[in-house]
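Below is final14.cif, which holds mmCIF, C-alpha atoms.
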data_entry
#
loop_
_atom_site.label_atom_id
_atom_site.label_comp_id
_atom_site.auth_asym_id
_atom_site.auth_seq_id
_atom_site.Cartn_x
_atom_site.Cartn_y
_atom_site.Cartn_z
CA MET O 1 -39.04 -1.58 12.45
CA ASN O 2 -37.12 1.43 11.19
CA GLU O 3 -37.00 0.22 7.56
CA LYS O 4 -40.26 2.02 6.83
CA TYR O 5 -38.55 5.29 7.59
CA GLU O 6 -35.15 4.67 6.00
CA LEU O 7 -35.30 7.76 3.74
CA LEU O 8 -36.22 9.97 6.67
CA ILE O 9 -33.50 8.54 8.92
CA ALA O 10 -30.90 8.84 6.15
CA ASP O 11 -31.79 12.53 5.80
CA TYR O 12 -31.63 12.95 9.58
CA LEU O 13 -28.13 11.41 9.68
CA SER O 14 -26.80 13.66 6.92
CA GLY O 15 -28.18 16.71 8.71
CA SER O 16 -30.34 17.69 5.76
CA LEU O 17 -33.68 17.59 7.58
CA ASP O 18 -35.46 20.87 8.19
CA ALA O 19 -37.25 21.69 11.47
CA GLU O 20 -40.45 20.05 10.22
CA GLY O 21 -38.60 16.84 9.32
CA LYS O 22 -36.86 16.71 12.69
CA ASP O 23 -40.18 17.21 14.41
CA LYS O 24 -41.60 14.29 12.42
CA VAL O 25 -38.73 12.04 13.51
CA GLU O 26 -39.26 13.01 17.14
CA LYS O 27 -42.97 12.24 16.92
CA LEU O 28 -42.29 8.85 15.31
CA ILE O 29 -39.83 8.04 18.09
CA ALA O 30 -42.32 9.15 20.74
CA SER O 31 -45.06 6.98 19.24
CA GLY O 32 -42.67 4.01 19.05
CA GLU O 33 -42.90 3.75 15.27
CA ILE O 34 -39.16 4.36 15.08
CA ASP O 35 -37.23 2.07 17.40
CA PHE O 36 -35.38 4.59 19.57
CA MET O 37 -32.60 2.23 20.66
CA GLU O 38 -31.70 1.31 17.12
CA PHE O 39 -32.06 4.91 15.94
CA ARG O 40 -29.77 6.14 18.71
CA GLU O 41 -27.18 3.44 17.88
CA LEU O 42 -27.15 4.52 14.23
CA GLU O 43 -26.87 8.18 15.17
CA LYS O 44 -24.02 7.49 17.59
CA MET O 45 -22.17 5.39 15.01
CA HIS O 46 -22.58 8.09 12.38
CA GLU O 47 -21.02 10.54 14.85
CA ASP O 48 -18.22 8.15 15.80
CA LEU O 49 -17.27 7.68 12.14
CA GLY O 50 -15.92 11.23 12.28
CA ALA O 51 -13.24 10.12 14.74
CA ILE O 52 -11.56 7.68 12.33
CA PRO O 53 -8.34 9.42 11.33
CA VAL O 54 -6.77 9.54 7.92
CA PRO O 55 -3.05 10.19 7.34
CA LYS O 56 -1.77 13.15 5.34
CA PRO O 57 -0.59 12.69 1.77
CA GLY O 58 3.19 12.80 1.29
CA LYS O 59 4.98 15.92 0.07
CA GLU O 60 6.28 14.12 -3.03
CA MET O 61 2.71 13.97 -4.29
CA SER O 62 2.69 17.75 -4.82
CA SER O 63 6.04 17.63 -6.61
CA ARG O 64 4.75 14.89 -8.92
CA PHE O 65 1.62 16.88 -9.69
CA TYR O 66 3.48 20.10 -10.49
CA ALA O 67 6.02 18.22 -12.63
CA MET O 68 3.13 16.73 -14.60
CA LEU O 69 1.54 20.18 -14.94
CA GLU O 70 4.78 21.74 -16.20
CA GLU O 71 5.14 18.98 -18.77
CA GLU O 72 1.59 19.55 -19.97
CA LYS O 73 2.26 23.31 -20.23
CA ARG O 74 5.38 22.65 -22.32
CA ASP O 75 3.38 20.37 -24.63
CA GLN O 76 0.68 23.00 -24.90
CA LYS O 77 3.25 25.70 -25.80
CA ASP O 78 4.89 23.44 -28.39
CA SER O 79 1.58 22.61 -30.01
CA TRP O 80 0.68 26.33 -30.21
CA THR O 81 3.96 27.36 -31.83
CA GLU O 82 3.65 24.45 -34.28
CA PHE O 83 0.09 25.50 -35.07
CA ILE O 84 1.03 29.16 -35.69
CA SER O 85 4.08 28.34 -37.84
CA LYS O 86 1.95 25.96 -39.96
CA LYS O 87 -0.69 28.66 -40.44
CA VAL O 88 1.93 31.26 -41.45
CA LYS O 89 3.48 28.83 -43.94
CA ILE O 90 0.06 28.09 -45.51
CA LEU O 91 -0.72 31.83 -45.67
CA LEU O 92 2.57 32.66 -47.33
CA ALA O 93 2.14 29.82 -49.81
CA GLU O 94 -1.29 31.17 -50.78
CA LEU O 95 -0.22 34.82 -51.00
CA THR O 96 -0.33 35.87 -54.67
CA MET O 97 0.41 39.40 -55.98
CA PRO O 98 -3.22 40.67 -56.23
CA ARG O 99 -3.87 39.46 -52.67
CA LEU O 100 -0.73 41.16 -51.42
CA ALA O 101 -1.79 44.43 -53.07
CA TYR O 102 -5.27 44.11 -51.53
CA THR O 103 -3.75 43.59 -48.05
CA VAL O 104 -1.56 46.71 -48.46
CA VAL O 105 -4.59 48.82 -49.51
CA LEU O 106 -6.56 47.58 -46.51
CA LEU O 107 -3.69 48.49 -44.17
CA VAL O 108 -3.43 52.02 -45.60
CA VAL O 109 -7.22 52.62 -45.38
CA GLY O 110 -7.29 51.20 -41.83
CA GLY O 111 -4.44 53.47 -40.79
CA PHE O 112 -6.21 56.54 -42.21
CA ILE O 113 -9.51 55.78 -40.41
CA GLY O 114 -7.61 55.10 -37.19
CA SER O 115 -5.85 58.48 -37.32
CA GLN O 116 -9.23 60.26 -37.81
CA ILE O 117 -10.80 58.51 -34.84
CA ASN O 118 -7.80 59.25 -32.61
CA GLY O 119 -8.78 62.91 -32.38
CA SER O 120 -12.02 62.15 -30.57
CA LYS O 121 -10.29 59.58 -28.32
CA THR O 122 -10.03 61.96 -25.37
CA GLU O 123 -13.78 62.65 -25.53
CA ILE O 124 -14.55 58.93 -25.49
CA GLU O 125 -12.21 58.43 -22.54
CA GLN O 126 -13.89 61.26 -20.65
CA LEU O 127 -17.32 59.82 -21.36
CA SER O 128 -16.38 56.35 -20.20
CA GLN O 129 -14.85 57.84 -17.03
CA GLU O 130 -18.16 59.59 -16.31
CA MET O 131 -20.06 56.37 -16.95
CA GLN O 132 -17.85 54.55 -14.45
CA THR O 133 -18.40 57.23 -11.80
CA MET O 134 -22.15 56.98 -12.34
CA LYS O 135 -22.08 53.21 -12.07
CA GLU O 136 -20.09 53.43 -8.84
CA LEU O 137 -22.55 55.93 -7.35
CA MET O 138 -25.47 53.73 -8.33
CA MET O 139 -23.78 50.68 -6.85
CA VAL O 140 -23.00 52.37 -3.51
CA ASN O 141 -26.62 53.59 -3.25
CA MET O 142 -28.10 50.22 -4.15
CA LEU O 143 -25.88 48.44 -1.61
CA GLU O 144 -27.76 50.34 1.07
CA GLY O 145 -31.12 49.18 -0.30
CA ALA O 146 -33.63 47.21 1.73
CA SER O 147 -34.10 44.27 -0.62
CA ALA O 148 -31.50 41.53 -0.96
CA ALA O 149 -32.22 41.33 -4.70
CA ASP O 150 -31.23 45.00 -5.12
CA ARG O 151 -28.08 44.51 -3.11
CA LEU O 152 -27.19 41.48 -5.24
CA LYS O 153 -27.69 43.63 -8.35
CA ALA O 154 -25.41 46.25 -6.85
CA VAL O 155 -22.70 43.67 -6.24
CA ASN O 156 -23.07 42.51 -9.84
CA ILE O 157 -22.73 46.09 -11.09
CA SER O 158 -19.42 46.30 -9.26
CA THR O 159 -18.10 43.44 -11.40
CA GLU O 160 -18.64 45.58 -14.50
CA LEU O 161 -16.36 48.33 -13.22
CA PRO O 162 -12.93 48.13 -14.87
CA ASN O 163 -11.24 49.48 -11.77
CA ALA O 164 -12.55 50.31 -8.35
CA ASP O 165 -11.99 53.41 -6.27
CA THR O 166 -11.66 53.41 -2.49
CA GLU O 167 -15.31 54.25 -1.90
CA ALA O 168 -16.58 51.27 -3.93
CA ILE O 169 -14.14 48.93 -2.18
CA HIS O 170 -15.17 50.18 1.28
CA ALA O 171 -18.85 49.80 0.37
CA LEU O 172 -18.27 46.20 -0.73
CA LEU O 173 -16.24 45.35 2.38
CA PHE O 174 -18.94 46.88 4.57
CA THR O 175 -21.51 44.70 2.78
CA LEU O 176 -19.34 41.62 3.26
CA ASN O 177 -19.17 42.18 7.00
CA ASN O 178 -22.68 43.41 7.68
CA ASP O 179 -25.17 42.24 5.06
CA PRO O 180 -27.80 39.91 6.55
CA SER O 181 -28.06 37.82 3.35
CA VAL O 182 -25.60 34.94 2.87
CA ASN O 183 -26.08 35.11 -0.93
CA VAL O 184 -25.15 38.78 -1.01
CA ARG O 185 -22.04 38.15 1.11
CA VAL O 186 -20.93 35.21 -1.09
CA GLN O 187 -21.36 37.31 -4.25
CA THR O 188 -19.47 40.15 -2.60
CA ILE O 189 -16.48 37.88 -2.02
CA GLU O 190 -16.59 36.91 -5.71
CA ALA O 191 -16.73 40.60 -6.68
CA LEU O 192 -13.88 41.59 -4.35
CA LYS O 193 -11.67 38.81 -5.69
CA ARG O 194 -11.47 40.71 -8.99
CA TRP O 195 -9.45 43.37 -7.22
CA GLY O 196 -7.33 40.84 -5.38
CA GLU O 197 -4.19 42.86 -6.10
CA ASN O 198 -5.52 45.81 -4.08
CA GLU O 199 -4.05 45.90 -0.55
CA THR O 200 -7.28 47.22 1.07
CA VAL O 201 -9.24 44.34 -0.48
CA ARG O 202 -6.66 41.80 0.68
CA GLU O 203 -6.64 43.10 4.25
CA GLY O 204 -10.42 43.44 4.29
CA LEU O 205 -10.95 39.84 3.20
CA VAL O 206 -8.62 38.48 5.88
CA ARG O 207 -10.22 40.64 8.62
CA SER O 208 -13.67 39.53 7.54
CA ILE O 209 -13.03 35.87 8.48
CA ALA O 210 -13.53 36.50 12.21
CA LYS O 211 -16.77 38.40 11.54
CA GLN O 212 -18.53 35.63 9.61
CA GLU O 213 -20.97 33.16 11.15
CA SER O 214 -22.27 31.35 8.07
CA PRO O 215 -20.34 28.17 7.10
CA ILE O 216 -20.98 28.92 3.40
CA VAL O 217 -19.37 32.35 3.67
CA ILE O 218 -16.45 30.96 5.70
CA ILE O 219 -15.83 28.27 3.04
CA GLU O 220 -16.06 30.86 0.26
CA LEU O 221 -13.52 32.99 2.13
CA ALA O 222 -11.25 29.95 2.49
CA ASP O 223 -11.36 29.48 -1.30
CA ALA O 224 -10.63 33.18 -1.80
CA MET O 225 -7.61 33.03 0.56
CA ILE O 226 -6.10 30.21 -1.53
CA GLU O 227 -6.90 31.83 -4.85
CA LEU O 228 -5.39 35.17 -3.80
CA GLU O 229 -2.59 33.46 -1.83
CA LEU O 230 -3.46 35.35 1.34
CA LYS O 231 -1.25 33.55 3.81
CA ASN O 232 -2.48 35.69 6.76
CA GLY O 233 -5.82 33.96 6.34
CA ALA O 234 -4.32 30.75 7.82
CA GLN O 235 -3.88 32.42 11.24
CA GLU O 236 -7.49 33.63 11.26
CA PHE O 237 -8.75 30.15 10.33
CA GLU O 238 -6.67 28.57 13.09
CA GLU O 239 -8.28 30.95 15.58
CA LEU O 240 -11.74 30.09 14.24
CA LEU O 241 -11.01 26.37 14.68
CA ARG O 242 -9.82 26.99 18.25
CA GLU O 243 -12.59 29.30 19.34
CA ARG O 244 -15.71 28.00 17.63
CA GLU O 245 -17.53 24.71 17.37
CA LEU O 246 -17.69 24.40 13.62
CA ASP O 247 -19.42 21.80 11.50
CA TYR O 248 -17.20 18.77 10.64
CA THR O 249 -17.16 19.60 6.91
CA VAL O 250 -16.18 23.21 7.62
CA GLN O 251 -13.42 22.04 9.97
CA GLN O 252 -12.03 19.75 7.26
CA LYS O 253 -12.20 22.52 4.67
CA LEU O 254 -10.41 24.97 6.96
CA GLN O 255 -7.73 22.45 7.84
CA SER O 256 -7.02 21.73 4.19
CA SER O 257 -7.02 25.47 3.42
CA ILE O 258 -4.56 26.14 6.25
CA ALA O 259 -2.31 23.38 4.87
CA ALA O 260 -2.51 24.94 1.40
CA LEU O 261 -1.75 28.43 2.70
CA LEU O 262 1.23 27.55 4.90
CA MET X 263 -19.47 23.13 -0.83
CA ASP X 264 -18.89 23.62 -4.51
CA SER X 265 -18.37 27.28 -5.15
CA THR X 266 -18.78 28.92 -8.52
CA SER X 267 -15.09 29.72 -8.41
CA ASP X 268 -14.24 26.00 -8.73
CA LYS X 269 -16.21 25.96 -11.95
CA ALA X 270 -14.66 29.22 -13.07
CA LEU X 271 -11.18 27.84 -12.42
CA MET X 272 -11.89 24.65 -14.35
CA MET X 273 -13.31 26.69 -17.23
CA LYS X 274 -10.04 28.65 -17.29
CA VAL X 275 -8.12 25.36 -17.38
CA LYS X 276 -10.32 24.35 -20.30
CA LYS X 277 -9.44 27.57 -22.10
CA GLY X 278 -5.74 26.82 -21.69
CA ASP X 279 -4.82 28.54 -18.41
CA LEU X 280 -3.32 25.35 -16.98
CA ASP X 281 -1.88 27.04 -13.86
CA LYS X 282 -5.40 27.23 -12.47
CA LEU X 283 -5.34 23.46 -12.09
CA GLY X 284 -2.72 24.04 -9.39
CA LEU X 285 -5.29 25.94 -7.34
CA LEU X 286 -7.80 23.13 -7.74
CA PHE X 287 -5.09 20.66 -6.71
CA GLU X 288 -4.35 22.65 -3.53
CA ARG X 289 -8.04 22.82 -2.77
CA TYR X 290 -8.92 19.19 -3.37
CA ASN X 291 -5.88 16.95 -2.92
CA ARG X 292 -6.72 16.38 0.76
CA PRO X 293 -10.41 15.46 0.25
CA LEU X 294 -9.40 13.17 -2.64
CA PHE X 295 -6.69 11.56 -0.54
CA SER X 296 -9.17 11.01 2.26
CA PHE X 297 -11.60 9.39 -0.21
CA PHE X 298 -9.02 7.06 -1.76
CA TYR X 299 -7.34 6.21 1.52
CA ARG X 300 -10.62 5.26 3.14
CA MET X 301 -11.46 3.16 0.08
CA CYS X 302 -8.17 1.29 -0.29
CA LYS X 303 -6.21 1.87 2.95
CA ASP X 304 -2.97 2.31 1.06
CA GLN X 305 -0.96 5.55 1.09
CA ASP X 306 0.97 4.97 -2.16
CA THR X 307 -2.06 3.80 -4.12
CA SER X 308 -4.06 6.79 -2.87
CA GLU X 309 -1.35 9.22 -3.98
CA ASP X 310 -1.08 7.49 -7.39
CA LEU X 311 -4.82 7.73 -7.82
CA ILE X 312 -4.84 11.46 -7.03
CA GLN X 313 -2.20 11.97 -9.73
CA SER X 314 -4.39 9.96 -12.08
CA VAL X 315 -7.44 12.14 -11.28
CA PHE X 316 -5.60 15.35 -12.16
CA GLU X 317 -4.10 13.79 -15.29
CA ARG X 318 -7.61 12.86 -16.37
CA MET X 319 -8.86 16.38 -15.60
CA LEU X 320 -6.21 17.71 -18.00
CA LYS X 321 -6.86 15.05 -20.60
CA TYR X 322 -10.63 15.53 -20.60
CA ARG X 323 -10.68 19.29 -19.91
CA GLU X 324 -12.27 19.93 -23.30
CA SER X 325 -15.31 17.88 -22.29
CA TYR X 326 -15.88 19.88 -19.07
CA THR X 327 -19.18 21.72 -19.44
CA GLY X 328 -19.58 23.23 -16.00
CA SER X 329 -22.98 21.63 -15.51
CA GLY X 330 -23.59 20.18 -12.03
CA THR X 331 -21.22 20.83 -9.17
CA PHE X 332 -17.46 20.66 -9.68
CA THR X 333 -17.07 18.13 -6.86
CA THR X 334 -19.58 15.81 -8.54
CA TRP X 335 -17.49 15.87 -11.72
CA MET X 336 -14.26 15.44 -9.76
CA PHE X 337 -15.51 12.53 -7.67
CA SER X 338 -16.93 10.83 -10.79
CA ILE X 339 -13.41 10.93 -12.23
CA ALA X 340 -12.00 9.75 -8.90
CA ARG X 341 -14.41 6.86 -8.78
CA ASN X 342 -13.55 5.77 -12.33
CA ALA X 343 -9.84 6.00 -11.55
CA HIS X 344 -10.39 3.78 -8.52
CA ILE X 345 -12.42 1.23 -10.49
CA ASP X 346 -9.85 1.15 -13.33
CA HIS X 347 -7.02 0.69 -10.87
CA TYR X 348 -8.66 -2.31 -9.22
CA ARG X 349 -9.50 -3.85 -12.59
CA LYS X 350 -5.81 -3.70 -13.48
CA VAL X 351 -4.82 -5.12 -10.10
CA LYS X 352 -7.22 -8.02 -10.57
CA ARG X 353 -6.00 -8.66 -14.12
CA SER X 354 -2.38 -8.81 -13.02
CA ALA X 355 -3.52 -11.23 -10.30
CA ILE X 356 -2.02 -9.39 -7.38
CA PRO X 357 -3.74 -10.75 -4.32
CA VAL X 358 -5.92 -8.15 -2.67
CA GLU X 359 -5.97 -9.96 0.66
CA ILE X 360 -3.43 -7.52 2.08
CA ASP X 361 -6.32 -5.74 3.73
CA GLU X 362 -7.39 -8.89 5.50
CA GLU X 363 -3.89 -9.39 6.89
CA ARG X 364 -3.90 -5.84 8.12
CA LEU X 365 -7.24 -6.40 9.74
CA GLU X 366 -6.00 -9.44 11.62
CA ALA X 367 -3.03 -7.47 12.90
CA GLU X 368 -5.29 -4.66 14.02
CA GLU X 369 -7.56 -7.13 15.76
CA ASP X 370 -4.61 -8.43 17.78
CA GLU X 371 -3.47 -4.95 18.66
CA SER X 372 -6.93 -3.80 19.62
CA VAL X 373 -6.97 -6.23 22.55
CA ILE X 374 -4.26 -4.34 24.37
CA ILE X 375 -5.27 -0.78 23.68
CA GLU X 376 -7.68 1.32 25.63
CA GLN X 377 -11.39 0.77 25.30
CA LYS X 378 -12.04 4.00 23.46
CA GLU X 379 -9.25 3.38 21.01
CA GLN X 380 -10.48 -0.19 20.60
CA LYS X 381 -13.96 1.03 19.74
CA LYS X 382 -12.51 3.31 17.08
CA ASN X 383 -10.49 0.45 15.63
CA VAL X 384 -13.49 -1.83 15.58
CA LEU X 385 -15.50 0.81 13.73
CA GLU X 386 -12.64 1.31 11.26
CA MET X 387 -12.46 -2.43 10.65
CA ALA X 388 -16.21 -2.62 10.23
CA LEU X 389 -16.06 0.16 7.66
CA GLU X 390 -13.37 -1.74 5.75
CA ARG X 391 -15.48 -4.89 5.76
CA LEU X 392 -18.56 -3.10 4.55
CA ASP X 393 -19.75 -3.93 1.04
CA GLU X 394 -17.78 -1.69 -1.37
CA GLU X 395 -20.72 0.20 -2.84
CA LYS X 396 -22.14 1.00 0.60
CA ARG X 397 -18.70 1.98 1.89
CA GLU X 398 -18.31 4.38 -1.02
CA ILE X 399 -21.65 6.02 -0.18
CA VAL X 400 -20.77 6.35 3.53
CA ILE X 401 -17.38 7.89 2.65
CA LEU X 402 -18.79 10.36 0.14
CA SER X 403 -21.60 11.40 2.47
CA ARG X 404 -19.96 11.34 5.90
CA TYR X 405 -16.39 12.33 5.10
CA GLU X 406 -16.56 14.25 1.86
CA GLY X 407 -19.78 16.06 2.80
CA LEU X 408 -21.51 15.39 -0.51
CA LYS X 409 -25.29 15.66 -0.71
CA TYR X 410 -27.30 12.51 -1.53
CA LYS X 411 -28.28 14.10 -4.87
CA GLU X 412 -24.62 14.64 -5.76
CA ILE X 413 -23.74 11.05 -4.81
CA ALA X 414 -26.68 9.85 -6.93
CA ASP X 415 -25.27 11.79 -9.91
CA ILE X 416 -21.85 10.23 -9.44
CA LEU X 417 -23.25 6.71 -9.12
CA ASN X 418 -25.85 7.18 -11.88
CA THR X 419 -28.82 6.39 -9.70
CA THR X 420 -31.61 8.17 -7.86
CA GLU X 421 -31.41 10.19 -4.67
CA GLY X 422 -33.96 7.85 -3.04
CA ALA X 423 -31.84 4.80 -3.84
CA ILE X 424 -28.81 6.45 -2.24
CA LYS X 425 -30.76 7.26 0.92
CA VAL X 426 -31.96 3.65 1.18
CA LYS X 427 -28.39 2.36 0.67
CA MET X 428 -27.02 4.83 3.22
CA PHE X 429 -29.55 3.67 5.82
CA ARG X 430 -28.76 0.01 5.08
CA ALA X 431 -25.04 0.72 5.14
CA MET X 432 -25.38 2.18 8.63
CA LYS X 433 -27.37 -0.89 9.75
CA ASP X 434 -24.79 -3.27 8.25
CA LEU X 435 -22.07 -1.25 9.91
CA LYS X 436 -23.83 -1.56 13.25
CA ASP X 437 -24.11 -5.35 12.83
CA LEU X 438 -20.44 -5.59 11.83
CA VAL X 439 -19.41 -3.51 14.85
CA ASN X 440 -21.38 -5.81 17.15
CA THR X 441 -19.87 -8.97 15.60
CA LEU X 442 -16.33 -7.59 15.72
CA SER X 443 -16.77 -6.38 19.32
CA GLU X 444 -17.88 -9.89 20.33
CA GLU X 445 -14.89 -11.41 18.51
CA CYS X 446 -12.57 -9.04 20.33
CA SER X 447 -14.06 -9.77 23.72
CA TYR X 448 -13.59 -13.55 23.22
CA GLU X 449 -9.87 -13.16 22.57
#
Hey, can you dump this file as structure tokens for me?
Amino acid sequence: MNEKYELLIADYLSGSLDAEGKDKVEKLIASGEIDFMEFRELEKMHEDLGAIPVPKPGKEMSSRFYAMLEEEKRDQKDSWTEFISKKVKILLAELTMPRLAYTVVLLVVGGFIGSQINGSKTEIEQLSQEMQTMKELMMVNMLEGASAADRLKAVNISTELPNADTEAIHALLFTLNNDPSVNVRVQTIEALKRWGENETVREGLVRSIAKQESPIVIIELADAMIELELKNGAQEFEELLRERELDYTVQQKLQSSIAALL
Amino acid sequence: MDSTSDKALMMKVKKGDLDKLGLLFERYNRPLFSFFYRMCKDQDTSEDLIQSVFERMLKYRESYTGSGTFTTWMFSIARNAHIDHYRKVKRSAIPVEIDEERLEAEEDESVIIEQKEQKKNVLEMALERLDEEKREIVILSRYEGLKYKEIADILNTTEGAIKVKMFRAMKDLKDLVNTLSEECSYE
């Protein structure tokens, strides 16, 4: 009886139905077009599948992987040095007297131009510093904007800043903890990761875990913890797992992140 | 979820920053182990296959384009590694009935364990007996959290076909559970 609705039921089982879809399933059950007993059995079995355990991989697996990676890195290094030495040999073999003279002239001219430009270097530095301050001001203002698109733009501007001052970092952390849009918060994590060396950013990211409700943001934070090697994140995730009823996929992700962090 | 940072990391690996593969390994060795273990029920084979997946990622890093989700690309590699492994096993004529023996043993044990535990065992056995293609879809969807569209990309088919197979897999699983429960109650 339920074969007619196999696509709909498959979507229901995976949790990808929206409110309208769920409503449709309920109506079909109520009208008897979907056999409720069979439907319930399938739903229960899909739930029960989550209880089948799987052992953990052995520790030697990691050692094997990292040994393989080291070997590959050595090969890569060797191939680069071989490549460069070959190129140098070819270049030297081709270097005739007129070419050598031409290279020397180019070096002298280049050096002269460089020394002329050096004088105005401080002005350029000052200008670029002013540009950065302006960008930061614009970003902080836009982060307070009403539209999510503007706030996303602001977060993107922050990624153009070569280095961030305290105000920009605080504005981004405030956005991460308070912005109503999941997209904005996810982008903010990406932006903050660029300054992963900064202690305020590191602490802010860890503290933010407990403040997040969206599974997408929590998973993004889990990835950030691993990438920035923020071991304190493991404790926060353990608390989340204890205190909240999280989706199965999120639970799995957090457990694997905790294992990676410890 | 496949975050953009997975892609970014793999792009860095492609450009020669091989250490970033370590981060991807830390992130995905558990989900890959879960996939392989549920497919083959063998710890050593699962660990070997994970090694093979990351070796292939290194070998084929130049061909990584960043299109689609990273997990789709990773599980496509995982699936090929699994298929290649079983081709080799068949060619070298190693009997694959080990699973059956294990099943028998579990059936005997399940008689003496609690009802709840028995139910879980029966479901596990049913999953092992499920047709391989359907089992793969159930594992990718239920345990690895992949969307039907992503599974369709990995298996080179349509999203609709995956949904139909998932529904039928669940029905077959239900029938297998009923049959196995009856077998257990007769013993």
Practice item. Check which residues satisfy the PyMOL selection byres ((chain O) within 6 of (chain X)) in the file shown, then give them as a list in words. Key: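 What the PyMOL selection byres ((chain O) within 6 of (chain X)) grabs from the file is Glu6, Leu7, Ala10 and Ala260 of chain O.
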Exercise for review: Kindly give the distance, in Å, that separates atom CA of O:Leu172 and atom CA of O:Val155, rounded to a single decimal.
Suggested key: 7.5 Å
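For the set O:Leu173, O:Ala148, O:Leu161, O:Ile218, the residue with the smallest atom-to-atom gap to O:Glu136 is O:Leu161, counting only C-alpha atoms.
Atom CA of O:Met134 to atom CA of O:Gly196 spans 23.0 Å [interatomic distance, one decimal].
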Check your understanding: Where does the PyMOL selection byres ((chain X and resi 335-352) around 10) land in this file, that is, which residues does it pick, as a VMD selection string?
Key -> chain X and resid 290 293 to 294 297 to 298 301 to 302 307 to 308 310 to 316 318 to 319 322 326 to 334 353 to 358 398 402 406 408 412 to 413 415 to 418
Please rebuild stretch 67-79 of chain O with N, CA and C atoms and give the result as a CSV table (one decimal), in the frame of the given file.
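For reference, part_6.csv as written:
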chain,number,residue,atom,x,y,z
O,67,ALA,N,5.2,18.6,-11.5
O,67,ALA,CA,6.0,18.2,-12.6
O,67,ALA,C,5.1,17.8,-13.8
O,68,MET,N,4.1,17.1,-13.5
O,68,MET,CA,3.1,16.7,-14.6
O,68,MET,C,2.5,18.0,-15.3
O,69,LEU,N,2.2,19.0,-14.4
O,69,LEU,CA,1.5,20.2,-14.9
O,69,LEU,C,2.5,21.0,-15.8
O,70,GLU,N,3.8,21.0,-15.4
O,70,GLU,CA,4.8,21.7,-16.2
O,70,GLU,C,5.0,21.1,-17.6
O,71,GLU,N,5.0,19.7,-17.5
O,71,GLU,CA,5.1,19.0,-18.8
O,71,GLU,C,4.0,19.3,-19.7
O,72,GLU,N,2.8,19.3,-19.2
O,72,GLU,CA,1.6,19.6,-20.0
O,72,GLU,C,1.7,21.0,-20.6
O,73,LYS,N,2.2,21.9,-19.7
O,73,LYS,CA,2.3,23.3,-20.2
O,73,LYS,C,3.3,23.4,-21.4
O,74,ARG,N,4.4,22.7,-21.2
O,74,ARG,CA,5.4,22.6,-22.3
O,74,ARG,C,4.8,22.1,-23.6
O,75,ASP,N,4.0,21.0,-23.5
O,75,ASP,CA,3.4,20.4,-24.6
O,75,ASP,C,2.4,21.3,-25.3
O,76,GLN,N,1.7,22.1,-24.4
O,76,GLN,CA,0.7,23.0,-24.9
O,76,GLN,C,1.4,24.1,-25.7
O,77,LYS,N,2.5,24.6,-25.2
O,77,LYS,CA,3.2,25.7,-25.8
O,77,LYS,C,3.8,25.2,-27.2
O,78,ASP,N,4.3,24.0,-27.1
O,78,ASP,CA,4.9,23.4,-28.4
O,78,ASP,C,3.8,23.3,-29.4
O,79,SER,N,2.6,22.8,-29.0
O,79,SER,CA,1.6,22.6,-30.0
O,79,SER,C,1.1,23.9,-30.6
